[in-house]
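Reading through the structure tokens given below for one structure.
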Amino acid sequence: MRGPGSDRPAGARPPLLPPLDNEAGVQLVELAILLPLLMVLVVGVFDFGAAFNLKQQLTNAARSAAGFASIQPTNDLANGGVPDSVLSIRNLVDDRLVAAGINDCDLLRTGGGPSGALVWTFSAAGNGCPGTLTLTVDRSYSYPASIGVNVISTHVQISYPYHWQFGNVIGVLAPGATYASGVTQIPVDAIVPNAD
């Protein structure tokens with residue numbers, strides 16, 4: 001026996017979802033196929049945007065450090081070890097990173113050391129850093145000017161580890177995928193002629 005105006009037997013509960021017609025079923029399949037692709041696209045846009053923003057902030061830090069270094073005296077560079085003028089350049093880079101909200105990887109805890117004539121390198125990987133932050137300060141960088149003489153400058157290079165989130169999304173969508181996202185070094189540098 002059926003209920004009044006219904007194709008259901010009397011006392012039967014109504015279905016939780018209305019029956020799907022062909023068009024609604026197709027739309028559901030399209031959503032199931034396109035949603036993962038859309039998710040990859042959105043995460044990729046945010047990830048590349050964050051990497052680009054980080055590169056701009058690192059470039060600003062390198063420029064500030066090179067400008068500051070160019071007016072530092074050079075009379076303490078031959079004393080051995082890491083001169084105070086070079087340590088103050090490292091401290092300025094650290095200040096710029098912290099002010100921009102970037103993990104400084106415990107840069108201030110690194111002593112650094114000479115990696116060539118008037119070149120000092122600091123490597124830091126602490127404070128939850130995804131890789132190794134490298135800061136190189138070259139106080140004797142030389143390049144030819146248009147007038148036929150070499151200009152002695154300060155060259156500040158920063159190589160910062162960036163962890164891509166894009167690979168995490170690929171790993172969720174395709175658990176067996178071997179997409180190599182991991183950590184990439186973002187290099188920036190700045191050169192400013194020495195004042196003395």
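For the structure tokens, the naming scheme is as follows: chains receive sequential letters (A, B, ...) according to their order of presentation, residues are indexed from 1 within each chain, and ligands are indexed from 1 in presentation order.
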
Cut-off 7 Å: closest range 101-181 of chain A/range 26-50 of chain A atom pairs per residue, using only C-alpha atoms, as JSON lines:
{"residue": "A:Trp164", "atom": "CA", "partner": "A:Asp47", "partner_atom": "CA", "distance": 6.6}
{"residue": "A:Gln165", "atom": "CA", "partner": "A:Asp47", "partner_atom": "CA", "distance": 6.3}
{"residue": "A:Phe166", "atom": "CA", "partner": "A:Gly44", "partner_atom": "CA", "distance": 5.8}
{"residue": "A:Val169", "atom": "CA", "partner": "A:Val40", "partner_atom": "CA", "distance": 6.5}
{"residue": "A:Leu173", "atom": "CA", "partner": "A:Pro36", "partner_atom": "CA", "distance": 7.0}

Let me see the file: selected residues, N, CA and C atoms, as a PDB file, in the first residue's frame.
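Below you can see result.pdb, which holds the result:
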ATOM      1  N   TRP A 164      59.038  24.957  -0.614  1.00  0.00           N
ATOM      2  CA  TRP A 164      57.840  25.040  -1.454  1.00  0.00           C
ATOM      3  C   TRP A 164      56.702  24.232  -0.827  1.00  0.00           C
ATOM      4  N   GLN A 165      55.520  24.822  -0.766  1.00  0.00           N
ATOM      5  CA  GLN A 165      54.329  24.130  -0.271  1.00  0.00           C
ATOM      6  C   GLN A 165      53.639  23.352  -1.383  1.00  0.00           C
ATOM      7  N   PHE A 166      53.985  23.664  -2.621  1.00  0.00           N
ATOM      8  CA  PHE A 166      53.369  23.047  -3.783  1.00  0.00           C
ATOM      9  C   PHE A 166      53.498  21.528  -3.746  1.00  0.00           C
ATOM     10  N   VAL A 169      50.842  19.629  -1.664  1.00  0.00           N
ATOM     11  CA  VAL A 169      49.544  19.439  -2.324  1.00  0.00           C
ATOM     12  C   VAL A 169      49.626  18.285  -3.307  1.00  0.00           C
ATOM     13  N   LEU A 173      47.355  14.784  -3.323  1.00  0.00           N
ATOM     14  CA  LEU A 173      46.547  14.373  -4.477  1.00  0.00           C
ATOM     15  C   LEU A 173      47.046  13.068  -5.100  1.00  0.00           C
TER      16      LEU A 173
END

Pull the alpha helix (DSSP H) assignments for range 18-176 of chain A out of DSSP run on the backbone, and list those residues as a PyMOL selection string. chain A and resi 22-70+84-99+166-173

May I ask which of the residues A:Cys105, A:Asn168, A:Arg139, A:Gly126 is the closest one to Phe68 in chain A, counting only C-alpha atoms?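 Of A:Cys105, A:Asn168, A:Arg139, A:Gly126, the one nearest Phe68 in chain A is A:Arg139, counting only C-alpha atoms.
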
Could you pull the residues within 7 Å of Tyr141 in chain A, counting only C-alpha atoms, minus those fewer than 6 positions along the same chain, as a list of chain:residue names? A:Ile152, A:Ser153, A:Thr154, A:His155

Write out as a PyMOL selection string each polymer residue whose atoms come within 12 Å of Leu58 in chain A, counting only C-alpha atoms; drop sequence neighbours fewer than 6 positions from it. chain A and resi 51-52+64-65+93-104+133-135+156-162+185-190

Of the candidates A:Ala117, A:Val172, A:Thr132, A:Arg109, which shows the shortest atom-to-atom distance to Gly80 in chain A, using only C-alpha atoms?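 Closest residue, counting only C-alpha atoms: A:Ala117.
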
Could you pull out the strand (DSSP E or B) residues of range 85-125 of chain A, going by DSSP on the backbone, and write them as a PyMOL selection string? chain A and resi 113-116+119-124

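Using only C-alpha atoms, the shortest contact distance between Gly116 in chain A and any of A:Ile170, A:Ala78, A:Ala195, A:Ile89 is found at A:Ala78.
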